[in-house]
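Coordinates from input_6.csv are shown below (CSV, C-alpha atoms).
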chain,number,residue,atom,x,y,z
A,19,MET,CA,73.1,68.8,62.7
A,20,SER,CA,71.6,71.7,64.6
A,21,LYS,CA,73.2,75.1,64.6
A,22,VAL,CA,72.2,75.5,68.2
A,23,GLU,CA,75.1,74.6,70.4
A,24,ALA,CA,74.7,72.1,73.2
A,25,PRO,CA,73.7,73.8,76.5
A,26,SER,CA,76.8,72.5,78.2
A,27,LYS,CA,79.1,74.0,75.6
A,28,VAL,CA,77.3,77.4,75.8
A,29,GLU,CA,77.6,77.2,79.6
A,30,GLY,CA,81.3,76.4,79.4
A,31,ARG,CA,81.9,79.4,77.2
A,32,ARG,CA,79.9,81.6,79.5
A,33,ALA,CA,81.9,80.4,82.5
A,34,GLU,CA,85.1,81.0,80.6
A,35,LEU,CA,84.1,84.5,79.7
A,36,ARG,CA,83.1,85.2,83.3
A,37,GLU,CA,86.5,84.1,84.5
A,38,THR,CA,88.3,86.1,81.9
A,39,LEU,CA,86.3,89.3,82.8
A,40,VAL,CA,86.8,88.8,86.5
A,41,ALA,CA,90.6,88.4,86.0
A,42,LEU,CA,90.8,91.5,83.7
A,43,ALA,CA,88.7,93.6,86.1
A,44,GLU,CA,90.8,92.5,89.0
A,45,ALA,CA,94.0,93.4,87.2
A,46,GLN,CA,92.5,96.8,86.3
A,47,ILE,CA,91.5,97.5,90.0
A,48,VAL,CA,95.0,96.6,91.1
A,49,GLN,CA,96.4,99.0,88.6
A,50,GLY,CA,94.0,102.0,88.7
A,51,GLY,CA,91.4,101.3,91.4
A,52,MET,CA,87.7,100.5,91.0
A,53,SER,CA,86.7,103.6,89.2
A,54,SER,CA,89.1,102.8,86.4
A,55,VAL,CA,87.2,99.7,85.4
A,56,LYS,CA,85.3,100.4,82.1
A,57,ALA,CA,83.1,97.9,80.2
A,58,ARG,CA,84.5,99.0,76.9
A,59,ASP,CA,88.1,98.5,77.9
A,60,LEU,CA,87.4,95.1,79.4
A,61,ALA,CA,85.5,94.0,76.2
A,62,GLY,CA,88.5,95.1,74.1
A,63,LYS,CA,90.9,93.1,76.2
A,64,ALA,CA,88.6,90.0,76.4
A,65,GLY,CA,88.0,90.2,72.7
A,66,CYS,CA,84.3,90.3,73.1
A,67,ALA,CA,81.5,92.8,72.4
A,68,VAL,CA,80.5,95.1,75.2
A,69,GLY,CA,77.1,93.5,75.2
A,70,ALA,CA,78.6,90.1,75.8
A,71,ILE,CA,79.7,91.3,79.3
A,72,TYR,CA,76.0,91.8,80.2
A,73,ASN,CA,75.2,88.3,79.0
A,74,VAL,CA,77.3,86.9,81.9
A,75,PHE,CA,76.9,89.7,84.5
A,76,PRO,CA,73.7,91.6,85.1
A,77,ASP,CA,75.8,94.8,85.5
A,78,MET,CA,79.3,96.1,86.3
A,79,THR,CA,78.4,96.0,90.0
A,80,ALA,CA,78.0,92.3,89.8
A,81,LEU,CA,81.3,92.0,88.0
A,82,ILE,CA,83.1,94.0,90.7
A,83,MET,CA,81.4,92.0,93.4
A,84,ALA,CA,82.9,88.8,91.7
A,85,VAL,CA,86.3,90.4,92.1
A,86,ASN,CA,85.5,91.4,95.7
A,87,LEU,CA,84.5,87.8,96.5
A,88,ARG,CA,87.9,86.7,95.4
A,89,THR,CA,89.5,89.4,97.6
A,90,PHE,CA,87.5,88.3,100.6
A,91,LEU,CA,88.6,84.8,100.1
A,92,ARG,CA,92.2,85.9,99.9
A,93,ILE,CA,91.8,87.9,103.1
A,94,GLY,CA,90.3,84.8,104.7
A,95,VAL,CA,93.4,82.8,103.7
A,96,GLU,CA,95.8,85.4,104.9
A,97,VAL,CA,94.0,85.9,108.2
A,98,ALA,CA,93.6,82.1,108.8
A,99,GLY,CA,97.3,81.6,108.0
A,100,ALA,CA,98.3,84.3,110.5
A,101,VAL,CA,97.5,82.2,113.6
A,102,VAL,CA,98.7,78.8,112.2
A,103,GLY,CA,101.4,77.6,114.6
A,104,HIS,CA,100.3,80.1,117.2
A,105,GLU,CA,97.4,78.1,118.6
A,106,ALA,CA,99.0,78.2,122.1
A,107,LEU,CA,99.0,82.0,122.3
A,108,ALA,CA,96.5,83.8,124.5
A,109,PRO,CA,93.3,84.7,122.5
A,110,GLU,CA,94.0,88.4,122.6
A,111,ARG,CA,97.4,87.8,121.1
A,112,ARG,CA,95.8,85.8,118.3
A,113,LEU,CA,93.4,88.6,117.7
A,114,VAL,CA,96.4,90.9,117.3
A,115,LEU,CA,97.9,88.5,114.7
A,116,LEU,CA,94.6,88.4,112.8
A,117,ALA,CA,94.3,92.2,112.8
A,118,ARG,CA,98.0,92.6,111.7
A,119,ALA,CA,97.3,90.2,108.8
A,120,TYR,CA,94.3,92.3,107.8
A,121,LEU,CA,96.4,95.5,108.0
A,122,ARG,CA,99.2,94.0,105.9
A,123,PHE,CA,96.7,92.8,103.2
A,124,ALA,CA,95.1,96.2,103.1
A,125,ASP,CA,98.4,98.0,102.8
A,126,GLN,CA,99.8,95.7,100.1
A,127,ASN,CA,96.6,95.4,98.1
A,128,HIS,CA,95.3,98.9,98.6
A,129,HIS,CA,93.0,99.2,95.5
A,130,LEU,CA,91.5,95.7,95.8
A,131,TRP,CA,90.9,96.3,99.5
A,132,LYS,CA,89.4,99.7,98.9
A,133,ALA,CA,87.0,98.3,96.3
A,134,LEU,CA,85.4,96.1,99.0
A,135,PHE,CA,84.1,99.2,100.7
A,136,ASP,CA,83.8,101.7,97.9
A,137,LEU,CA,81.4,99.6,95.9
A,138,GLU,CA,77.7,100.6,96.2
A,139,MET,CA,76.2,97.3,97.2
A,140,PRO,CA,72.9,96.0,95.9
A,141,ARG,CA,70.1,95.1,98.2
A,142,ASP,CA,70.8,92.1,100.4
A,143,SER,CA,68.6,89.9,98.3
A,144,ASP,CA,70.8,90.4,95.3
A,145,VAL,CA,74.1,89.5,97.0
A,146,PRO,CA,75.3,86.1,95.9
A,147,PRO,CA,75.3,83.4,98.7
A,148,ALA,CA,79.0,82.8,98.1
A,149,TYR,CA,79.7,86.4,99.0
A,150,ASN,CA,77.9,86.2,102.3
A,151,GLN,CA,79.5,82.9,103.0
A,152,ALA,CA,83.0,84.3,102.5
A,153,LEU,CA,82.1,87.0,105.0
A,154,GLU,CA,80.8,84.5,107.5
A,155,GLU,CA,84.0,82.5,107.3
A,156,LEU,CA,86.1,85.7,107.8
A,157,PHE,CA,84.1,86.5,111.0
A,158,ASP,CA,84.5,82.9,112.2
A,159,HIS,CA,88.2,83.3,112.3
A,160,ILE,CA,87.6,86.3,114.7
A,161,ALA,CA,84.8,84.6,116.6
A,162,ARG,CA,87.1,81.8,117.7
A,163,PRO,CA,89.5,83.8,120.0
A,164,VAL,CA,86.6,86.1,120.9
A,165,SER,CA,84.6,83.1,122.3
A,166,GLU,CA,87.6,82.0,124.3
A,167,LEU,CA,88.2,85.5,125.6
A,168,PHE,CA,84.7,86.3,126.7
A,169,GLN,CA,83.4,83.0,127.9
A,170,GLU,CA,80.3,84.6,129.4
A,171,LEU,CA,79.0,85.6,126.0
A,172,ASP,CA,76.3,83.5,124.2
A,173,PRO,CA,76.8,82.8,120.5
A,174,ASP,CA,74.9,86.0,119.5
A,175,GLY,CA,77.1,88.0,121.8
A,176,VAL,CA,80.2,86.4,120.3
A,177,GLN,CA,79.1,87.3,116.8
A,178,LEU,CA,78.3,90.9,117.9
A,179,MET,CA,81.7,91.2,119.6
A,180,ALA,CA,83.5,89.7,116.6
A,181,ARG,CA,81.8,92.2,114.2
A,182,THR,CA,82.5,95.0,116.7
A,183,LEU,CA,86.2,94.2,116.8
A,184,PHE,CA,86.4,93.7,113.1
A,185,SER,CA,84.8,97.1,112.5
A,186,SER,CA,87.0,98.7,115.0
A,187,VAL,CA,90.2,97.3,113.5
A,188,HIS,CA,88.9,98.2,110.1
A,189,GLY,CA,88.4,101.8,111.2
A,190,ILE,CA,92.0,102.0,112.5
A,191,VAL,CA,93.4,100.4,109.4
A,192,SER,CA,91.3,102.6,107.1
A,193,LEU,CA,92.1,106.0,108.7
A,194,GLY,CA,95.6,104.9,109.4
A,195,LEU,CA,96.3,103.9,105.8
A,196,GLN,CA,94.6,107.0,104.4
A,197,ASN,CA,96.7,109.1,106.7
A,198,ARG,CA,93.8,111.5,106.9
A,199,LEU,CA,91.5,112.8,109.4
A,200,SER,CA,93.6,111.6,112.3
A,201,GLY,CA,96.9,112.3,110.6
A,202,VAL,CA,98.3,109.1,112.2
A,203,PRO,CA,101.6,107.9,110.7
A,204,LEU,CA,101.5,104.4,109.4
A,205,GLU,CA,104.0,103.1,112.0
A,206,ARG,CA,101.5,103.9,114.7
A,207,VAL,CA,98.7,101.9,113.2
A,208,GLU,CA,100.0,98.6,114.6
A,209,ALA,CA,100.4,100.2,118.0
A,210,MET,CA,96.8,101.4,117.9
A,211,ILE,CA,95.5,98.0,116.9
A,212,GLU,CA,97.4,96.4,119.7
A,213,ALA,CA,96.4,99.1,122.2
A,214,LEU,CA,92.7,98.5,121.4
A,215,LEU,CA,92.7,94.8,121.4
A,216,LEU,CA,94.7,94.4,124.6
A,217,ARG,CA,92.5,96.9,126.4
A,218,VAL,CA,89.4,95.1,125.3
A,219,ALA,CA,90.8,91.8,126.5
A,220,LYS,CA,91.6,93.2,130.0
A,221,THR,CA,88.4,92.2,131.7
B,26,MET,CA,91.3,158.0,89.8
B,27,SER,CA,92.9,154.6,89.2
B,28,LYS,CA,90.9,151.8,87.5
B,29,VAL,CA,92.7,149.4,89.9
B,30,GLU,CA,90.4,148.6,92.8
B,31,ALA,CA,91.7,149.1,96.3
B,32,PRO,CA,93.2,145.9,97.7
B,33,SER,CA,90.7,145.7,100.5
B,34,LYS,CA,87.8,145.8,98.0
B,35,VAL,CA,89.3,143.1,95.8
B,36,GLU,CA,89.9,141.0,98.9
B,37,GLY,CA,86.3,141.6,100.1
B,38,ARG,CA,85.0,140.4,96.8
B,39,ARG,CA,87.3,137.4,96.8
B,40,ALA,CA,86.1,136.5,100.3
B,41,GLU,CA,82.5,136.9,99.3
B,42,LEU,CA,83.0,134.6,96.2
B,43,ARG,CA,84.8,132.1,98.4
B,44,GLU,CA,81.8,132.0,100.8
B,45,THR,CA,79.3,131.7,98.0
B,46,LEU,CA,81.2,128.8,96.4
B,47,VAL,CA,81.6,127.0,99.7
B,48,ALA,CA,77.9,127.3,100.5
B,49,LEU,CA,76.9,126.1,96.9
B,50,ALA,CA,79.4,123.2,97.1
B,51,GLU,CA,78.0,122.2,100.5
B,52,ALA,CA,74.4,122.3,99.2
B,53,GLN,CA,75.5,120.2,96.3
B,54,ILE,CA,77.3,117.6,98.5
B,55,VAL,CA,74.2,117.4,100.7
B,56,GLN,CA,72.0,116.7,97.7
B,57,GLY,CA,74.1,114.5,95.5
B,58,GLY,CA,77.4,113.7,97.2
B,59,MET,CA,80.9,114.9,96.6
B,60,SER,CA,81.2,113.4,93.1
B,61,SER,CA,78.3,115.6,92.0
B,62,VAL,CA,80.2,118.8,92.6
B,63,LYS,CA,81.2,120.3,89.2
B,64,ALA,CA,83.0,123.6,88.7
B,65,ARG,CA,80.8,124.5,85.7
B,66,ASP,CA,77.6,124.0,87.7
B,67,LEU,CA,78.9,126.0,90.7
B,68,ALA,CA,80.1,128.8,88.4
B,69,GLY,CA,76.6,129.0,86.8
B,70,LYS,CA,74.9,129.2,90.2
B,71,ALA,CA,77.4,131.7,91.6
B,72,GLY,CA,77.1,133.8,88.4
B,73,CYS,CA,80.8,133.8,87.8
B,74,ALA,CA,83.1,132.4,85.2
B,75,VAL,CA,84.6,128.9,85.8
B,76,GLY,CA,88.0,130.5,85.8
B,77,ALA,CA,87.0,132.8,88.7
B,78,ILE,CA,86.7,129.7,91.0
B,79,TYR,CA,90.4,129.1,90.4
B,80,ASN,CA,91.2,132.6,91.4
B,81,VAL,CA,89.9,131.9,94.9
B,82,PHE,CA,90.6,128.2,95.3
B,83,PRO,CA,93.8,126.5,93.9
B,84,ASP,CA,91.6,123.5,92.8
B,85,MET,CA,88.3,121.7,93.5
B,86,THR,CA,90.0,119.7,96.2
B,87,ALA,CA,90.7,122.9,98.1
B,88,LEU,CA,87.0,124.0,97.7
B,89,ILE,CA,85.8,120.6,99.0
B,90,MET,CA,88.2,120.8,101.9
B,91,ALA,CA,86.7,124.2,102.8
B,92,VAL,CA,83.3,122.4,103.0
B,93,ASN,CA,84.9,119.6,105.0
B,94,LEU,CA,86.3,122.1,107.5
B,95,ARG,CA,82.8,123.4,108.1
B,96,THR,CA,81.6,119.8,108.6
B,97,PHE,CA,84.4,119.1,111.1
B,98,LEU,CA,83.4,122.2,113.0
B,99,ARG,CA,79.8,121.1,113.0
B,100,ILE,CA,80.8,117.7,114.3
B,101,GLY,CA,82.8,119.3,117.0
B,102,VAL,CA,79.8,121.4,118.1
B,103,GLU,CA,77.5,118.3,118.1
B,104,VAL,CA,80.0,116.2,120.0
B,105,ALA,CA,80.8,118.9,122.5
B,106,GLY,CA,77.1,119.4,123.1
B,107,ALA,CA,76.5,115.7,123.7
B,108,VAL,CA,78.2,115.8,127.1
B,109,VAL,CA,77.0,119.2,128.3
B,110,GLY,CA,75.0,118.6,131.5
B,111,HIS,CA,76.5,115.1,131.8
B,112,GLU,CA,79.8,116.1,133.4
B,113,ALA,CA,79.1,114.0,136.4
B,114,LEU,CA,78.8,110.7,134.4
B,115,ALA,CA,81.7,108.2,134.4
B,116,PRO,CA,84.2,108.9,131.6
B,117,GLU,CA,83.3,105.8,129.7
B,118,ARG,CA,79.6,106.9,129.7
B,119,ARG,CA,80.7,110.3,128.3
B,120,LEU,CA,82.7,108.5,125.6
B,121,VAL,CA,79.5,106.6,124.7
B,122,LEU,CA,77.6,109.9,124.4
B,123,LEU,CA,80.3,111.4,122.2
B,124,ALA,CA,80.3,108.4,120.0
B,125,ARG,CA,76.5,108.4,119.7
B,126,ALA,CA,76.6,112.1,118.7
B,127,TYR,CA,79.1,111.1,116.0
B,128,LEU,CA,76.9,108.3,114.8
B,129,ARG,CA,73.9,110.5,114.7
B,130,PHE,CA,75.7,113.2,112.7
B,131,ALA,CA,77.0,110.6,110.2
B,132,ASP,CA,73.5,109.1,109.8
B,133,GLN,CA,71.7,112.5,109.4
B,134,ASN,CA,74.4,114.1,107.2
B,135,HIS,CA,75.5,111.1,105.2
B,136,HIS,CA,76.9,112.8,102.1
B,137,LEU,CA,78.7,115.6,104.1
B,138,TRP,CA,80.2,113.0,106.4
B,139,LYS,CA,81.2,110.7,103.6
B,140,ALA,CA,83.0,113.6,101.8
B,141,LEU,CA,85.3,113.9,104.8
B,142,PHE,CA,86.8,110.5,104.1
B,143,ASP,CA,86.3,110.1,100.3
B,144,LEU,CA,88.3,113.2,99.4
B,145,GLU,CA,91.8,112.4,98.2
B,146,MET,CA,93.7,114.7,100.5
B,147,PRO,CA,96.8,116.7,99.5
B,148,ARG,CA,100.1,116.3,101.2
B,149,ASP,CA,100.1,117.4,104.8
B,150,SER,CA,102.0,120.6,104.0
B,151,ASP,CA,99.1,121.8,101.8
B,152,VAL,CA,96.4,121.2,104.5
B,153,PRO,CA,95.2,124.6,105.8
B,154,PRO,CA,96.1,125.1,109.5
B,155,ALA,CA,92.4,125.7,110.3
B,156,TYR,CA,91.7,122.2,109.1
B,157,ASN,CA,94.2,120.5,111.4
B,158,GLN,CA,93.1,122.7,114.2
B,159,ALA,CA,89.5,121.6,113.8
B,160,LEU,CA,90.7,118.0,114.0
B,161,GLU,CA,92.7,118.7,117.1
B,162,GLU,CA,89.7,120.2,118.8
B,163,LEU,CA,87.6,117.1,117.9
B,164,PHE,CA,90.2,114.9,119.4
B,165,ASP,CA,90.5,117.0,122.5
B,166,HIS,CA,86.8,116.3,123.3
B,167,ILE,CA,87.7,112.6,123.2
B,168,ALA,CA,91.0,113.0,125.1
B,169,ARG,CA,89.3,114.5,128.1
B,170,PRO,CA,87.4,111.4,129.2
B,171,VAL,CA,90.2,109.2,128.0
B,172,SER,CA,92.7,110.9,130.3
B,173,GLU,CA,90.3,110.4,133.3
B,174,LEU,CA,89.8,106.8,132.4
B,175,PHE,CA,93.4,105.8,131.9
B,176,GLN,CA,95.2,107.9,134.5
B,177,GLU,CA,98.4,105.9,134.0
B,178,LEU,CA,98.8,107.2,130.4
B,179,ASP,CA,101.1,110.1,129.6
B,180,PRO,CA,99.9,112.9,127.2
B,181,ASP,CA,101.2,111.0,124.1
B,182,GLY,CA,99.5,107.8,125.3
B,183,VAL,CA,96.2,109.7,125.8
B,184,GLN,CA,96.4,111.1,122.3
B,185,LEU,CA,97.1,107.7,120.9
B,186,MET,CA,94.2,106.2,122.8
B,187,ALA,CA,91.8,109.0,121.8
B,188,ARG,CA,92.7,108.5,118.1
B,189,THR,CA,92.5,104.7,118.5
B,190,LEU,CA,89.0,105.0,120.0
B,191,PHE,CA,87.9,107.6,117.4
B,192,SER,CA,89.1,105.3,114.6
B,193,SER,CA,87.4,102.3,116.1
B,194,VAL,CA,84.1,104.1,116.5
B,195,HIS,CA,84.4,105.5,113.0
B,196,GLY,CA,84.9,101.9,111.7
B,197,ILE,CA,81.8,100.7,113.5
B,198,VAL,CA,79.8,103.7,112.3
B,199,SER,CA,81.1,103.5,108.8
B,200,LEU,CA,80.5,99.7,108.2
B,201,GLY,CA,77.3,99.9,110.2
B,202,LEU,CA,75.8,102.7,108.1
B,203,GLN,CA,76.9,101.2,104.8
B,204,ASN,CA,75.2,98.0,105.9
B,205,ARG,CA,77.8,96.2,104.0
B,206,LEU,CA,80.6,93.8,104.7
B,207,SER,CA,79.4,93.0,108.1
B,208,GLY,CA,75.7,93.1,107.2
B,209,VAL,CA,75.0,94.7,110.6
B,210,PRO,CA,71.5,96.3,110.9
B,211,LEU,CA,71.6,99.9,112.0
B,212,GLU,CA,69.9,99.2,115.3
B,213,ARG,CA,72.9,97.1,116.3
B,214,VAL,CA,75.4,99.9,115.6
B,215,GLU,CA,74.7,101.6,118.9
B,216,ALA,CA,75.0,98.4,120.8
B,217,MET,CA,78.4,97.7,119.1
B,218,ILE,CA,79.7,101.1,120.1
B,219,GLU,CA,78.6,100.7,123.6
B,220,ALA,CA,80.0,97.1,123.8
B,221,LEU,CA,83.4,98.3,122.6
B,222,LEU,CA,83.7,101.4,124.8
B,223,LEU,CA,82.5,99.7,128.0
B,224,ARG,CA,84.9,96.8,127.4
B,225,VAL,CA,87.8,99.1,126.8
B,226,ALA,CA,87.0,101.0,130.0
B,227,LYS,CA,86.9,97.8,132.1
B,228,THR,CA,90.5,97.8,133.2
Show the structure stored in the file as structure tokens.
Amino acid sequence: MSKVEAPSKVEGRRAELRETLVALAEAQIVQGGMSSVKARDLAGKAGCAVGAIYNVFPDMTALIMAVNLRTFLRIGVEVAGAVVGHEALAPERRLVLLARAYLRFADQNHHLWKALFDLEMPRDSDVPPAYNQALEELFDHIARPVSELFQELDPDGVQLMARTLFSSVHGIVSLGLQNRLSGVPLERVEAMIEALLLRVAKT
Amino acid sequence: MSKVEAPSKVEGRRAELRETLVALAEAQIVQGGMSSVKARDLAGKAGCAVGAIYNVFPDMTALIMAVNLRTFLRIGVEVAGAVVGHEALAPERRLVLLARAYLRFADQNHHLWKALFDLEMPRDSDVPPAYNQALEELFDHIARPVSELFQELDPDGVQLMARTLFSSVHGIVSLGLQNRLSGVPLERVEAMIEALLLRVAKT
């Protein structure tokens, strides 16, 4: 009788539009990088008004963060998969496998990976909990071999070392792939990762 | 008698315009970051036509690379200065001092530092020799303690390890300063750098 739609139906449509926009933004990032994502283009492809985007996302940053969340989850899957069946390897060897999986993902999904770090992030309080949770899970994969390797570390120390090693490998991957500053050819990137992790493990 | 200026005078003017433009671009990067550098604005401030910029630089990338060269030289000075008077320290402790100087520079000159890595670089063949030389000198500062620390490494191995450690520290600085992905507060960045370098040194 009423012209007002039932809340569940409205919510369903909003969720659908969100999913559509995230998928379109993701495809655009893959193709042209984060800076090529434009509200007008997305609205055109989604068949909605530009304003409709801002009904389901507070701003374009939030939309790209939704893409980035998916990317982090995918990295988590790749990284976790890299050590399956290799549980018997020494922890430093498992760290090398994790790092290689990260390098491979970054190399094969360059624009998606770059968007993770190029996005100007909002204040911590505006970061969705799912986003931080995906990060925590990624660090947990690293923390496991780290805690075996450095048994003298307390849980805080393990977290610090896991983040230190992630950041270090990220730096090697990042400069290596950009073939910049250091001018390191790609084929040496794996050797650098291994050199670092095996040195760190030699205690 | 001729209206054509002497080559030396033309060259002098070109050199002067180059210097002016580099200084203006640098000031603009400090203020608003690399993406805020616009040819039109620079021409206005330099009192020249927009086209005159392209008489002295092939493109804006080349102009920003000239700024980046200055930045690399400044980092080299800071990094070299960090170990002066500390020659008697153990090599891993000197590496920590070098890394801290790098962190400090990045923190205090954020936009200039970011431009080093955000610029889409041309192919290697188009990179001016002075640029690569500044990089080599930066790596030499790192290679010195590295060669003392790992006396079993040949010169290639020392270079690889120096670049590996630079990239690692760069990753820690980069993610730490962005306070992103890893969500690491700035005060832990120094602890992470030290944790990494002292672990690597423990062989």
In the coordinates of the file, take the point (74.1, 104.8, 96.1) and a cut-off of 10 Å; then, counting only C-alpha atoms, name each qualifying protein, DNA or RNA residue as number ranges by chain. A: 137-140; B: 57-58, 203
Two-atom distance - CA of Asp165 (chain B), CA of Phe184 (chain A) (Å):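 Distance between the two atoms: 25.5 Å.
Taking CA of Tyr127 (chain B) as the reference point, CA of Arg43 (chain B) is found at 28.0 Å.
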What's the separation between CA of Ala124 (chain B) and CA of Asp181 (chain B), in Å to one decimal place?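 Those two atoms sit 21.5 Å apart.
When only C-alpha atoms are used to measure the gap to Ser192 (chain B), the shortest distance among B:Pro210, B:Glu44, B:Asp179, B:Ile167 belongs to B:Ile167.
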For chain A, work out the contacting residues on chain B at 6 Å, counting only C-alpha atoms, and write them as a ChimeraX atom specification. /B:189,192-193,195-197,217,224-225,227-228
12 Å contact set for His129 (chain A), only C-alpha atoms, chain neighbours under 4 positions out, as a list of chain:residue names: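 These residues fall inside the cut-off: A:Ala43, A:Glu44, A:Ala45, A:Gln46, A:Ile47, A:Val48, A:Gln49, A:Gly50, A:Gly51, A:Met52, A:Ser53, A:Ser54, A:Val55, A:Val85, A:Asn86, A:Thr89, A:Phe123, A:Ala124, A:Asp125, A:Ala133, A:Leu134, A:Phe135, A:Asp136, A:Leu137, A:Leu195, A:Gln196.
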Find the residues around region 109-116 of chain B up to 9 Å (all atoms listed in the file counted), leave out those fewer than 3 positions away in its own chain, and share them as a PyMOL selection string. chain B and resi 105-106+119-121+169-174+226
Would you mind putting N, CA, C and O atoms back on region 171-184 of chain B and writing the result as a compact mmCIF listing (two decimals), keeping the file's coordinate frame?
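Wrote it out as out20.txt, contents follow:
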# COMPACT_ATOMS: atom_id res chain seq x y z
N VAL B 171 89.17 110.21 128.09
CA VAL B 171 90.20 109.20 128.00
C VAL B 171 91.27 109.38 129.08
O VAL B 171 91.70 108.42 129.73
N SER B 172 91.65 110.65 129.31
CA SER B 172 92.70 110.90 130.30
C SER B 172 92.18 110.60 131.73
O SER B 172 92.95 110.21 132.61
N GLU B 173 90.87 110.77 131.96
CA GLU B 173 90.30 110.40 133.30
C GLU B 173 90.27 108.90 133.45
O GLU B 173 90.49 108.38 134.55
N LEU B 174 89.97 108.22 132.34
CA LEU B 174 89.80 106.80 132.40
C LEU B 174 91.10 106.04 132.57
O LEU B 174 91.18 105.06 133.30
N PHE B 175 92.13 106.51 131.86
CA PHE B 175 93.40 105.80 131.90
C PHE B 175 94.45 106.79 132.48
O PHE B 175 95.24 107.40 131.77
N GLN B 176 94.41 106.90 133.81
CA GLN B 176 95.20 107.90 134.50
C GLN B 176 96.71 107.59 134.40
O GLN B 176 97.55 108.45 134.67
N GLU B 177 97.04 106.34 134.04
CA GLU B 177 98.40 105.90 134.00
C GLU B 177 99.08 106.41 132.64
O GLU B 177 100.31 106.35 132.49
N LEU B 178 98.27 106.85 131.68
CA LEU B 178 98.80 107.20 130.40
C LEU B 178 99.44 108.63 130.42
O LEU B 178 98.89 109.54 131.04
N ASP B 179 100.57 108.80 129.72
CA ASP B 179 101.10 110.10 129.60
C ASP B 179 100.40 110.84 128.42
O ASP B 179 99.59 110.21 127.73
N PRO B 180 100.65 112.16 128.21
CA PRO B 180 99.90 112.90 127.20
C PRO B 180 99.93 112.23 125.81
O PRO B 180 98.92 112.18 125.11
N ASP B 181 101.09 111.69 125.41
CA ASP B 181 101.20 111.00 124.10
C ASP B 181 100.29 109.75 124.10
O ASP B 181 99.62 109.47 123.10
N GLY B 182 100.30 109.04 125.21
CA GLY B 182 99.50 107.80 125.30
C GLY B 182 97.99 108.18 125.25
O GLY B 182 97.21 107.44 124.64
N VAL B 183 97.61 109.29 125.87
CA VAL B 183 96.20 109.70 125.80
C VAL B 183 95.83 110.08 124.38
O VAL B 183 94.76 109.68 123.91
N GLN B 184 96.71 110.79 123.68
CA GLN B 184 96.40 111.10 122.30
C GLN B 184 96.27 109.88 121.43
O GLN B 184 95.35 109.78 120.62
